[in-house]
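Undergrad: First the structure, then my questions, so here it is.
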Number of protein chains: 4
Amino acid sequence: MKLWLFILLLSVSSGFAQITYELKENIPYYDTESQKSDAYLKERCKLDVYFPKDTSNVVTVVWFHGGGLEGGNKHIPEGLLEQGVAVVTVNYRLHPKVKHPVYIEDAAAAVAWTFNHIKEYGGSPDKIFVTGHSAGGYLASMVGLDKEYLKKFNIDADKIAGLIPLSGHSITHFTIRKEMGIAGTQPIVDKYAPLFHVRKDAPPILLITGNREKEMLGRYEEVAYLYRMFKVVGHEDVELMEMDGYGHNMVYPAIPPLLDFVRARIE
Amino acid sequence: MKLWLFILLLSVSSGFAQITYELKENIPYYDTESQKSDAYLKERCKLDVYFPKDTSNVVTVVWFHGGGLEGGNKHIPEGLLEQGVAVVTVNYRLHPKVKHPVYIEDAAAAVAWTFNHIKEYGGSPDKIFVTGHSAGGYLASMVGLDKEYLKKFNIDADKIAGLIPLSGHSITHFTIRKEMGIAGTQPIVDKYAPLFHVRKDAPPILLITGNREKEMLGRYEEVAYLYRMFKVVGHEDVELMEMDGYGHNMVYPAIPPLLDFVRARIE
Amino acid sequence: MKLWLFILLLSVSSGFAQITYELKENIPYYDTESQKSDAYLKERCKLDVYFPKDTSNVVTVVWFHGGGLEGGNKHIPEGLLEQGVAVVTVNYRLHPKVKHPVYIEDAAAAVAWTFNHIKEYGGSPDKIFVTGHSAGGYLASMVGLDKEYLKKFNIDADKIAGLIPLSGHSITHFTIRKEMGIAGTQPIVDKYAPLFHVRKDAPPILLITGNREKEMLGRYEEVAYLYRMFKVVGHEDVELMEMDGYGHNMVYPAIPPLLDFVRARIE
Amino acid sequence: MKLWLFILLLSVSSGFAQITYELKENIPYYDTESQKSDAYLKERCKLDVYFPKDTSNVVTVVWFHGGGLEGGNKHIPEGLLEQGVAVVTVNYRLHPKVKHPVYIEDAAAAVAWTFNHIKEYGGSPDKIFVTGHSAGGYLASMVGLDKEYLKKFNIDADKIAGLIPLSGHSITHFTIRKEMGIAGTQPIVDKYAPLFHVRKDAPPILLITGNREKEMLGRYEEVAYLYRMFKVVGHEDVELMEMDGYGHNMVYPAIPPLLDFVRARIE
């Protein structure tokens with residue numbers, strides 16, 4: 001679908017004729033230096049910004065796509081369109097062209113870019129929420145929980161307004177385990193696992209997965225364990241949801257609660 | 001929104017340019033006699049049929065709107081549009097202009113109309129699913145479980161292909177209780193309660209509610225009890241889903257599992 | 001280990017070597033008048049009091065046995081022995097010799113007797129908890145929730161310190177339904193159902209059942225619905241427990257949480 | 001009731017008046033060589049066998065006590081007494097006198113001893129179940145899941161008839177993490193975690209914990225994740241139970257389901 005048509009449809013259906021949205025595509029999120037030094041980085045490390053025009057201080061949702069760290073591409077979940085929030089949607093480098101922890105480093109670079117540039121698009125650095133689905137949920141968790149990745153960009157991960165990993169691994173991601181020679185059904189938790197970085201002072205967190213019987217690889221239970229460990233360490237703003245009727249493809253029903261969560265933490 | 005625009009949008013967004021959908025509105029579902037004798041019936045007892053053109057033998061979903069038996073109007077949940085299924089969406093008479101069991105009688109009349117006329121719209125009487133939200137879910141349950149209502153139209157309720165009450169009462173509806181002088185928080189189960197009519201040979205049934213903490217009036221738990229009683233009597237095709245992240249307004253996430261349920265029972 | 005050794009360990013481990021317990025058996029709980037007028041009442045309406053000697057102001061647990069309102073006899077669950085609490089264990093008249101609501105009336109008479117006489121055994125009328133299993137749980141709920149039964153004995157049901165129905169019906173008891181010609185698998189909720197009498201100001205309540213898959217007749221779910229309705233009406237001290245690994249015979253694991261509940265509400 | 005009466009009832013109620021039980025205490029489970037070389041091993045590595053006299057081919061339950069790998073002593077949970085099963089209850093060396101993996105090696109040695117000697121006490125090597133509470137549950141899981149430990153004794157771990165860890169870690173035990181310099185609230189999963197050794201062909205497994213809100217350190221959820229991973233890898237005989245009303249001290253209600261599980265797998 002053409003962008004103009006897309007925008008037309010949006011403005012017709014919204015009933016908020018006064019708000020229009022703009023989409024800026026393929027913005028590099030690494031500096032020129034980095035882009036010169038690595039052709040794949042230059043090609044892949046780009047993001048789109050979708051934002052309400054002529055506003056300021058709006059919420060921004062950073063979206064990391066899924067695909068097992070091996071596939072997928074930046075896109076905007078339909079439910080995030082026309083919601084009065086900006087969306088930063090990110091491509092990051094993929095296995096096997098790169099190995100861990102490059103995926104997480106890219107994700108951190110994209111979040112850092114958002115902190116540094118979102119004002120130019122009407123966003124506020126104090127209202128940045130980080131989310132994504134599956135591998136993208138994993139990246140959201142890692143960037144928000146292991147503070148080392150953002151620290152390299154001089155950003156305190158606790159400045160993130162909220163983390164909403166959708167069906168993301170709590171244990172070490174299976175593609176990273178594959179790189180270590182460990183099977184997808186054999187759990188490990190090391191420094192590449194969100195569980196390893198549970199801490200009381202992490203940003204507010206909303207954890208959502210599909211139904212436990214329909215999900216892949218025990219995803220509900222591993223996330224329920226992450227939820228519990230946040231409670232155990234005294235984190236005061238963590239929620240867990242299980243989407244009955246859905247398996248791993250649970251983005252559609254998760255977006256409205258995600259937006260509820262975001263809005264409740266902004267007011 | 002105008003119908004032509006609505007249709008335009010649908011065909012643009014669908015990617016199934018070959019299927020077009022038509023909407024026939026305000027079809028009376030009682031006979032002329034009945035319409036003559038009762039002005040409110042004549043005004044209110046109408047339904048719309050939305051259906052894929054130039055097809056046959058398609059699934060039909062009968063939709064009863066919510067509104068506590070006191071309000072609401074026929075409409076089609078967005079998720080049911082362009083799904084290759086026909087939708088019959090129904091107005092029925094409301095409290096306080098009528099009293100129970102008129103609501104259920106109207107619902108039965110509309111389902112009977114569907115059995116008798118859906119072929120004219122490309123539907124199949126063997127593929128009629130009955131659903132609705134809240135009061136509409138209650139009506140779906142009552143029409144499908146208490147066989148007396150459809151029997152008056154010479155229709156066997158067990159010919160319904162499936163029942164999918166969304167967040168509907170299992171106990172006697174609170175507006176009916178109000179008509180009896182009983183408070184909304186005081187449960188009774190009598191012949192106006194779906195629970196009273198649990199039976200092994202009822203149609204396949206999918207029960208969905210919002211999250212137990214967010215729902216109204218114990219809706220999840222009363223429906224979970226209905227689910228269990230179907231299991232107890234030996235019903236072999238009953239499912240229960242709880243929509244985390246949603247309260248009583250849970251139609252949006254419920255429609256895709258509803259369609260999965262429908263499709264799985266048709267093939 | 002030899003049995004004598006085992007016994008020795010029991011008495012050592014109790015740490016209450018100084019407390020001895022006494023059992024007074026077969027105390028009639030109706031007045032002489034009533035006993036004269038009804039031979040079956042005279043025979044059946046008796047209770048035992050088991051109590052720690054030479055103490056005062058102790059907690060009393062009234063125990064109603066199970067047996068579907070058709071069988072069973074007064075006894076003391078093993079876990080209630082030697083716990084520093086008095087136990088009043090009650091026989092009540094049974095179907096088919098009597099019909100409803102005689103069972104509930106007898107239960108109320110026994111509770112009334114406890115209010116009026118427990119001081120004589122070292123108990124306190126302010127620390128009376130009412131419990132029982134299955135039909136006995138149902139009777140505990142009815143006596144505590146429908147205030148009419150105790151009112152006949154000039155006792156305010158809200159003076160009960162707590163209700164702990166174990167695996168008791170929330171809906172109208174199946175033997176009462178049988179007396180009405182209604183099948184055990186067909187739910188009704190009328191004035192003989194605890195659910196009908198849910199109210200905000202009821203005594204503290206702990207609801208326990210067996211595991212939902214192993215229980216009979218949907219017992220877990222009907223009790224979960226009772227729990228939820230207490231929450232809906234604003235009751236502030238209600239808990240629900242489901243005993244995994246146990247079906248309807250769930251008294252053994254339920255007694256320790258029952259005692260925890262009792263003790264937490266006394267201090 | 002007098003204590004003597006209580007005791008009388010116990011012996012009457014058992015119905016196995018003919019069976020007497022014997023307790024052999026402090027049997028070393030390492031060979032003489034090992035005992036000579038290590039004074040602490042010699043002192044600590046002992047077990048008791050409690051068994052029904054004059055029978056053969058009975059079930060044996062190996063019990064590992066809890067205490068965080070730092071404390072505790074062999075004992076027999078009351079519910080395992082007089083149940084027609086033999087119980088092997090084991091002391092193993094403790095932190096800080098030893099470090100991991102000595103605890104697991106000791107546990108394996110005790111299980112190996114049971115395989116090699118239980119016939120002498122009327123047991124059958126084909127009916128050995130391994131269980132324990134807390135740290136003891138962890139040891140049961142490790143010995144049964146990581147086949148290396150028993151392999152050193154030429155025993156195939158899959159010959160164990162069933163594993164029933166009660167409230168045991170699924171992740172690497174916190175005392176082992178302490179030995180690695182990792183906090184008790186920071187999860188890791190490595191080769192000292194039962195989760196690392198999930199496999200399809202493991203013995204039948206029953207997982208029981210206390211209630212999720214009352215347990216320590218997320219114990220229910222980590223065990224629920226272990227349960228799910230067994231399902232994911234295709235294990236066909238795994239069950240999960242959560243003891244409502246109990247926290248980490250959940251042995252009492254767990255023993256009857258444990259015995260049900262054992263008996264169902266023997267017939």
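By convention in this document, the chains of the structure tokens carry letters A, B, ... by their order, each chain's residues are numbered from 1, and ligands are numbered from 1 in the order they are shown.
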Provide as a ChimeraX atom specification the residues of chain B at most 6 Å from chain A, counting only C-alpha atoms.
TA: /B:241-245,253,257
Undergrad: Those selected residues, please, written with all heavy atoms and delivered as a PDB file, in the first residue's frame.
TA:
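result-v4.pdb, freshly written:
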ATOM      1  N   MET B 241     -11.810 -19.282  27.668  1.00  0.00           N
ATOM      2  CA  MET B 241     -10.691 -18.345  27.540  1.00  0.00           C
ATOM      3  C   MET B 241     -10.939 -17.104  28.394  1.00  0.00           C
ATOM      4  O   MET B 241     -12.063 -16.625  28.467  1.00  0.00           O
ATOM      5  CB  MET B 241     -10.518 -17.916  26.082  1.00  0.00           C
ATOM      6  CG  MET B 241     -10.095 -19.034  25.171  1.00  0.00           C
ATOM      7  SD  MET B 241     -10.013 -18.486  23.448  1.00  0.00           S
ATOM      8  CE  MET B 241      -9.685 -20.095  22.652  1.00  0.00           C
ATOM      9  N   GLU B 242      -9.843 -16.609  28.981  1.00  0.00           N
ATOM     10  CA  GLU B 242      -9.892 -15.412  29.820  1.00  0.00           C
ATOM     11  C   GLU B 242      -8.939 -14.389  29.210  1.00  0.00           C
ATOM     12  O   GLU B 242      -7.754 -14.669  29.079  1.00  0.00           O
ATOM     13  CB  GLU B 242      -9.425 -15.786  31.234  1.00  0.00           C
ATOM     14  CG  GLU B 242      -9.361 -14.620  32.186  1.00  0.00           C
ATOM     15  CD  GLU B 242      -8.739 -15.014  33.528  1.00  0.00           C
ATOM     16  OE1 GLU B 242      -8.141 -16.107  33.622  1.00  0.00           O
ATOM     17  OE2 GLU B 242      -8.847 -14.221  34.471  1.00  0.00           O
ATOM     18  N   MET B 243      -9.470 -13.245  28.845  1.00  0.00           N
ATOM     19  CA  MET B 243      -8.672 -12.272  28.107  1.00  0.00           C
ATOM     20  C   MET B 243      -7.935 -11.336  29.069  1.00  0.00           C
ATOM     21  O   MET B 243      -8.456 -10.285  29.468  1.00  0.00           O
ATOM     22  CB  MET B 243      -9.579 -11.475  27.162  1.00  0.00           C
ATOM     23  CG  MET B 243     -10.126 -12.303  26.025  1.00  0.00           C
ATOM     24  SD  MET B 243      -8.794 -12.800  24.854  1.00  0.00           S
ATOM     25  CE  MET B 243      -9.400 -14.430  24.345  1.00  0.00           C
ATOM     26  N   ASP B 244      -6.719 -11.731  29.425  1.00  0.00           N
ATOM     27  CA  ASP B 244      -5.885 -10.867  30.267  1.00  0.00           C
ATOM     28  C   ASP B 244      -5.704  -9.503  29.607  1.00  0.00           C
ATOM     29  O   ASP B 244      -5.571  -9.406  28.382  1.00  0.00           O
ATOM     30  CB  ASP B 244      -4.498 -11.499  30.458  1.00  0.00           C
ATOM     31  CG  ASP B 244      -4.457 -12.396  31.680  1.00  0.00           C
ATOM     32  OD1 ASP B 244      -5.518 -12.669  32.273  1.00  0.00           O
ATOM     33  OD2 ASP B 244      -3.352 -12.819  32.057  1.00  0.00           O
ATOM     34  N   GLY B 245      -5.707  -8.487  30.425  1.00  0.00           N
ATOM     35  CA  GLY B 245      -5.492  -7.148  29.896  1.00  0.00           C
ATOM     36  C   GLY B 245      -6.785  -6.460  29.499  1.00  0.00           C
ATOM     37  O   GLY B 245      -6.785  -5.281  29.155  1.00  0.00           O
ATOM     38  N   PRO B 253     -10.126  -8.617  21.278  1.00  0.00           N
ATOM     39  CA  PRO B 253      -9.205  -9.767  21.270  1.00  0.00           C
ATOM     40  C   PRO B 253      -9.931 -11.099  21.102  1.00  0.00           C
ATOM     41  O   PRO B 253      -9.291 -12.108  20.814  1.00  0.00           O
ATOM     42  CB  PRO B 253      -8.545  -9.693  22.654  1.00  0.00           C
ATOM     43  CG  PRO B 253      -9.594  -9.070  23.513  1.00  0.00           C
ATOM     44  CD  PRO B 253     -10.255  -8.041  22.638  1.00  0.00           C
ATOM     45  N   PRO B 257      -9.858 -15.627  18.085  1.00  0.00           N
ATOM     46  CA  PRO B 257     -10.102 -16.999  18.568  1.00  0.00           C
ATOM     47  C   PRO B 257     -11.497 -17.518  18.197  1.00  0.00           C
ATOM     48  O   PRO B 257     -11.665 -18.705  17.933  1.00  0.00           O
ATOM     49  CB  PRO B 257      -9.976 -16.873  20.098  1.00  0.00           C
ATOM     50  CG  PRO B 257      -9.194 -15.634  20.341  1.00  0.00           C
ATOM     51  CD  PRO B 257      -9.465 -14.723  19.187  1.00  0.00           C
TER      52      PRO B 257
END
Undergrad: Going by DSSP on the backbone, which residues of range 1-243 of chain A come out as strand (DSSP E or B)? List them as a PyMOL selection string.
TA: chain A and resi 21-28+46-52+58-64+86-90+123-133+162-166+189+205-210+238-243
Undergrad: Using only C-alpha atoms, which residues sit within 7 Å of Thr60 in chain D once same-chain residues fewer than 6 positions away are excluded, as JSON, numbers by chain?
TA: {"D": [85, 86, 87, 123, 127, 128, 129]}
Undergrad: For the atom pair CA of Asn249 in chain A and CA of Ser170 in chain A, what is the interatomic distance in Å to one decimal place?
TA: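 Rounded to one decimal, the two atoms are 17.2 Å apart.
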Undergrad: Neighbouring residues of Arg212 in chain B were defined as those with any atom within 9 Å, considering only C-alpha atoms; residues of the same chain fewer than 3 positions away were excluded. Please report them as a list in words.
TA: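 The residues that qualify are Thr209, Glu215, Met216, Gly218, Arg219, Tyr220, Glu221, Glu242, Met243, Asp244 and Gly247 of chain B; Arg228 of chain C.
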Undergrad: Could you write out that same residue set with all heavy atoms as a JSON list (two decimals), in the first residue's frame?
TA:
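Contents of result11.json, as written:
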[["chain", "number", "residue", "atom", "x", "y", "z"],
["B", 209, "THR", "N", -14.28, -14.56, 28.32],
["B", 209, "THR", "CA", -14.58, -13.37, 29.14],
["B", 209, "THR", "C", -13.33, -12.51, 29.23],
["B", 209, "THR", "O", -12.25, -12.90, 28.80],
["B", 209, "THR", "CB", -14.99, -13.74, 30.59],
["B", 209, "THR", "OG1", -13.83, -14.15, 31.32],
["B", 209, "THR", "CG2", -16.03, -14.84, 30.63],
["B", 215, "GLU", "N", -13.13, -7.86, 35.12],
["B", 215, "GLU", "CA", -14.49, -8.08, 34.64],
["B", 215, "GLU", "C", -15.52, -7.53, 35.64],
["B", 215, "GLU", "O", -15.17, -7.16, 36.76],
["B", 215, "GLU", "CB", -14.75, -9.59, 34.45],
["B", 215, "GLU", "CG", -14.58, -10.06, 33.02],
["B", 215, "GLU", "CD", -15.78, -9.67, 32.13],
["B", 215, "GLU", "OE1", -16.69, -8.97, 32.60],
["B", 215, "GLU", "OE2", -15.77, -10.07, 30.95],
["B", 216, "MET", "N", -16.76, -7.47, 35.23],
["B", 216, "MET", "CA", -17.83, -7.00, 36.11],
["B", 216, "MET", "C", -18.56, -8.18, 36.73],
["B", 216, "MET", "O", -18.73, -9.24, 36.11],
["B", 216, "MET", "CB", -18.82, -6.16, 35.30],
["B", 216, "MET", "CG", -19.50, -6.91, 34.17],
["B", 216, "MET", "SD", -20.55, -5.83, 33.14],
["B", 216, "MET", "CE", -21.97, -5.59, 34.24],
["B", 218, "GLY", "N", -18.22, -10.67, 38.61],
["B", 218, "GLY", "CA", -17.81, -12.07, 38.69],
["B", 218, "GLY", "C", -17.98, -12.83, 37.40],
["B", 218, "GLY", "O", -18.07, -14.06, 37.40],
["B", 219, "ARG", "N", -17.98, -12.09, 36.30],
["B", 219, "ARG", "CA", -18.29, -12.72, 35.01],
["B", 219, "ARG", "C", -17.35, -13.87, 34.66],
["B", 219, "ARG", "O", -17.78, -14.91, 34.15],
["B", 219, "ARG", "CB", -18.26, -11.65, 33.90],
["B", 219, "ARG", "CG", -18.85, -12.09, 32.57],
["B", 219, "ARG", "CD", -20.30, -12.56, 32.67],
["B", 219, "ARG", "NE", -21.17, -11.74, 33.45],
["B", 219, "ARG", "CZ", -21.92, -10.73, 32.99],
["B", 219, "ARG", "NH1", -21.88, -10.42, 31.72],
["B", 219, "ARG", "NH2", -22.72, -10.07, 33.81],
["B", 220, "TYR", "N", -16.04, -13.70, 34.89],
["B", 220, "TYR", "CA", -15.16, -14.82, 34.56],
["B", 220, "TYR", "C", -15.54, -16.06, 35.35],
["B", 220, "TYR", "O", -15.67, -17.15, 34.79],
["B", 220, "TYR", "CB", -13.69, -14.49, 34.82],
["B", 220, "TYR", "CG", -12.84, -15.73, 34.75],
["B", 220, "TYR", "CD1", -12.57, -16.33, 33.53],
["B", 220, "TYR", "CD2", -12.39, -16.36, 35.91],
["B", 220, "TYR", "CE1", -11.84, -17.52, 33.46],
["B", 220, "TYR", "CE2", -11.66, -17.54, 35.85],
["B", 220, "TYR", "CZ", -11.40, -18.12, 34.62],
["B", 220, "TYR", "OH", -10.70, -19.30, 34.56],
["B", 221, "GLU", "N", -15.70, -15.91, 36.64],
["B", 221, "GLU", "CA", -15.94, -17.10, 37.47],
["B", 221, "GLU", "C", -17.29, -17.76, 37.18],
["B", 221, "GLU", "O", -17.39, -18.98, 37.20],
["B", 221, "GLU", "CB", -15.84, -16.73, 38.96],
["B", 221, "GLU", "CG", -14.40, -16.60, 39.45],
["B", 221, "GLU", "CD", -13.81, -15.22, 39.22],
["B", 221, "GLU", "OE1", -14.48, -14.35, 38.61],
["B", 221, "GLU", "OE2", -12.65, -15.01, 39.66],
["B", 242, "GLU", "N", -9.84, -16.61, 28.98],
["B", 242, "GLU", "CA", -9.89, -15.41, 29.82],
["B", 242, "GLU", "C", -8.94, -14.39, 29.21],
["B", 242, "GLU", "O", -7.75, -14.67, 29.08],
["B", 242, "GLU", "CB", -9.42, -15.79, 31.23],
["B", 242, "GLU", "CG", -9.36, -14.62, 32.19],
["B", 242, "GLU", "CD", -8.74, -15.01, 33.53],
["B", 242, "GLU", "OE1", -8.14, -16.11, 33.62],
["B", 242, "GLU", "OE2", -8.85, -14.22, 34.47],
["B", 243, "MET", "N", -9.47, -13.24, 28.84],
["B", 243, "MET", "CA", -8.67, -12.27, 28.11],
["B", 243, "MET", "C", -7.93, -11.34, 29.07],
["B", 243, "MET", "O", -8.46, -10.28, 29.47],
["B", 243, "MET", "CB", -9.58, -11.48, 27.16],
["B", 243, "MET", "CG", -10.13, -12.30, 26.02],
["B", 243, "MET", "SD", -8.79, -12.80, 24.85],
["B", 243, "MET", "CE", -9.40, -14.43, 24.34],
["B", 244, "ASP", "N", -6.72, -11.73, 29.43],
["B", 244, "ASP", "CA", -5.89, -10.87, 30.27],
["B", 244, "ASP", "C", -5.70, -9.50, 29.61],
["B", 244, "ASP", "O", -5.57, -9.41, 28.38],
["B", 244, "ASP", "CB", -4.50, -11.50, 30.46],
["B", 244, "ASP", "CG", -4.46, -12.40, 31.68],
["B", 244, "ASP", "OD1", -5.52, -12.67, 32.27],
["B", 244, "ASP", "OD2", -3.35, -12.82, 32.06],
["B", 247, "GLY", "N", -11.12, -5.96, 30.40],
["B", 247, "GLY", "CA", -12.25, -6.15, 31.28],
["B", 247, "GLY", "C", -13.45, -6.62, 30.47],
["B", 247, "GLY", "O", -13.32, -7.47, 29.61],
["C", 228, "ARG", "N", -15.60, -14.79, 44.28],
["C", 228, "ARG", "CA", -15.61, -13.56, 43.48],
["C", 228, "ARG", "C", -16.78, -12.66, 43.85],
["C", 228, "ARG", "O", -16.63, -11.43, 43.93],
["C", 228, "ARG", "CB", -15.66, -13.92, 41.99],
["C", 228, "ARG", "CG", -15.69, -12.72, 41.06],
["C", 228, "ARG", "CD", -14.48, -11.81, 41.21],
["C", 228, "ARG", "NE", -13.24, -12.55, 40.94],
["C", 228, "ARG", "CZ", -12.03, -12.04, 41.09],
["C", 228, "ARG", "NH1", -11.86, -10.78, 41.49],
["C", 228, "ARG", "NH2", -10.96, -12.78, 40.86]]
Undergrad: Against range 177-183 of chain D, which residues of range 178-237 of chain A fall within 12 Å? For each one I want the closest pair of atoms and the distance in Å (one decimal), counting only C-alpha atoms, rows by chain and increasing residue number, as a Markdown table.
TA:
| residue | atom | partner | partner_atom | distance |
| --- | --- | --- | --- | --- |
| A:Asp190 | CA | D:Ile182 | CA | 11.2 |
| A:Lys191 | CA | D:Ile182 | CA | 11.8 |
| A:Phe196 | CA | D:Ile182 | CA | 10.0 |
| A:His197 | CA | D:Ala183 | CA | 11.3 |
| A:Val198 | CA | D:Ala183 | CA | 11.3 |
| A:Arg199 | CA | D:Ala183 | CA | 11.6 |
| A:Val233 | CA | D:Ala183 | CA | 11.1 |
Undergrad: Which residues, written as a PDB file with all heavy atoms, in the first residue's frame, have at least one atom at most 9 Å from Tyr40 in chain A, with only C-alpha atoms counted and residues fewer than 5 positions away on the same chain left out?
TA:
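File written: out-v3.pdb
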ATOM      1  N   GLN A  35      29.228   3.760  10.407  1.00  0.00           N
ATOM      2  CA  GLN A  35      28.657   3.334   9.135  1.00  0.00           C
ATOM      3  C   GLN A  35      29.737   3.086   8.085  1.00  0.00           C
ATOM      4  O   GLN A  35      29.618   2.178   7.263  1.00  0.00           O
ATOM      5  CB  GLN A  35      27.667   4.381   8.627  1.00  0.00           C
ATOM      6  CG  GLN A  35      26.410   4.456   9.489  1.00  0.00           C
ATOM      7  CD  GLN A  35      25.467   5.541   9.019  1.00  0.00           C
ATOM      8  OE1 GLN A  35      24.974   5.475   7.892  1.00  0.00           O
ATOM      9  NE2 GLN A  35      25.262   6.547   9.849  1.00  0.00           N
ATOM     10  N   CYS A  45      21.383  -1.004   9.933  1.00  0.00           N
ATOM     11  CA  CYS A  45      21.077  -0.296  11.189  1.00  0.00           C
ATOM     12  C   CYS A  45      20.342   1.009  10.938  1.00  0.00           C
ATOM     13  O   CYS A  45      20.906   2.102  11.045  1.00  0.00           O
ATOM     14  CB  CYS A  45      22.357  -0.108  12.002  1.00  0.00           C
ATOM     15  SG  CYS A  45      22.999  -1.695  12.567  1.00  0.00           S
ATOM     16  N   ARG A  93      21.113  -5.777  13.089  1.00  0.00           N
ATOM     17  CA  ARG A  93      21.839  -6.812  12.347  1.00  0.00           C
ATOM     18  C   ARG A  93      21.440  -8.216  12.816  1.00  0.00           C
ATOM     19  O   ARG A  93      21.007  -8.385  13.957  1.00  0.00           O
ATOM     20  CB  ARG A  93      23.348  -6.591  12.482  1.00  0.00           C
ATOM     21  CG  ARG A  93      23.818  -5.416  11.608  1.00  0.00           C
ATOM     22  CD  ARG A  93      25.269  -5.064  11.882  1.00  0.00           C
ATOM     23  NE  ARG A  93      25.397  -4.351  13.150  1.00  0.00           N
ATOM     24  CZ  ARG A  93      26.570  -4.003  13.689  1.00  0.00           C
ATOM     25  NH1 ARG A  93      27.720  -4.359  13.090  1.00  0.00           N
ATOM     26  NH2 ARG A  93      26.605  -3.344  14.826  1.00  0.00           N
ATOM     27  N   LYS A  97      25.136 -13.281  10.034  1.00  0.00           N
ATOM     28  CA  LYS A  97      26.127 -12.290   9.617  1.00  0.00           C
ATOM     29  C   LYS A  97      26.859 -11.690  10.802  1.00  0.00           C
ATOM     30  O   LYS A  97      28.016 -11.308  10.689  1.00  0.00           O
ATOM     31  CB  LYS A  97      25.452 -11.187   8.790  1.00  0.00           C
ATOM     32  CG  LYS A  97      25.034 -11.667   7.404  1.00  0.00           C
ATOM     33  CD  LYS A  97      24.683 -10.501   6.506  1.00  0.00           C
ATOM     34  CE  LYS A  97      24.308 -10.996   5.112  1.00  0.00           C
ATOM     35  NZ  LYS A  97      23.732  -9.918   4.277  1.00  0.00           N
TER      36      LYS A  97
END
Undergrad: Leaving out Leu81 in chain B and any residue of its chain fewer than 3 positions from it, which residues lie within 10 Å of it when counting only C-alpha atoms, given as a list in words?
TA: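 With the cut-off at 10 Å, the set is Leu10, Ser14, Tyr21, Tyr50, Phe51, Pro52, Ile76, Pro77, Glu78, Gly84, Val85, Ala86 and Val87 of chain B.
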Undergrad: If you run DSSP on the backbone here, which positions in range 26-239 of chain A get alpha helix (DSSP H)? Please write them as a PyMOL selection string.
TA: chain A and resi 32-37+39-44+102-117+135-145+148-151+174-179+219-232
Undergrad: Leaving out Lys42 in chain C and any residue of its chain fewer than 2 positions from it, which residues lie within 10 Å of it when counting only C-alpha atoms, given as a ChimeraX atom specification?
TA: /C:28-40,44-46,93
Undergrad: Work out how far CA of Ile205 in chain B is from CA of Tyr227 in chain D, in Å to one decimal.
TA: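 Spanning CA of Tyr227 in chain D to CA of Ile205 in chain B is a straight-line distance of 29.3 Å.
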Undergrad: What is the distance between CA of Phe230 in chain D and CA of Glu267 in chain D, in Å to one decimal?
TA: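 Computed distance, CA of Phe230 in chain D to CA of Glu267 in chain D, equals 23.7 Å.
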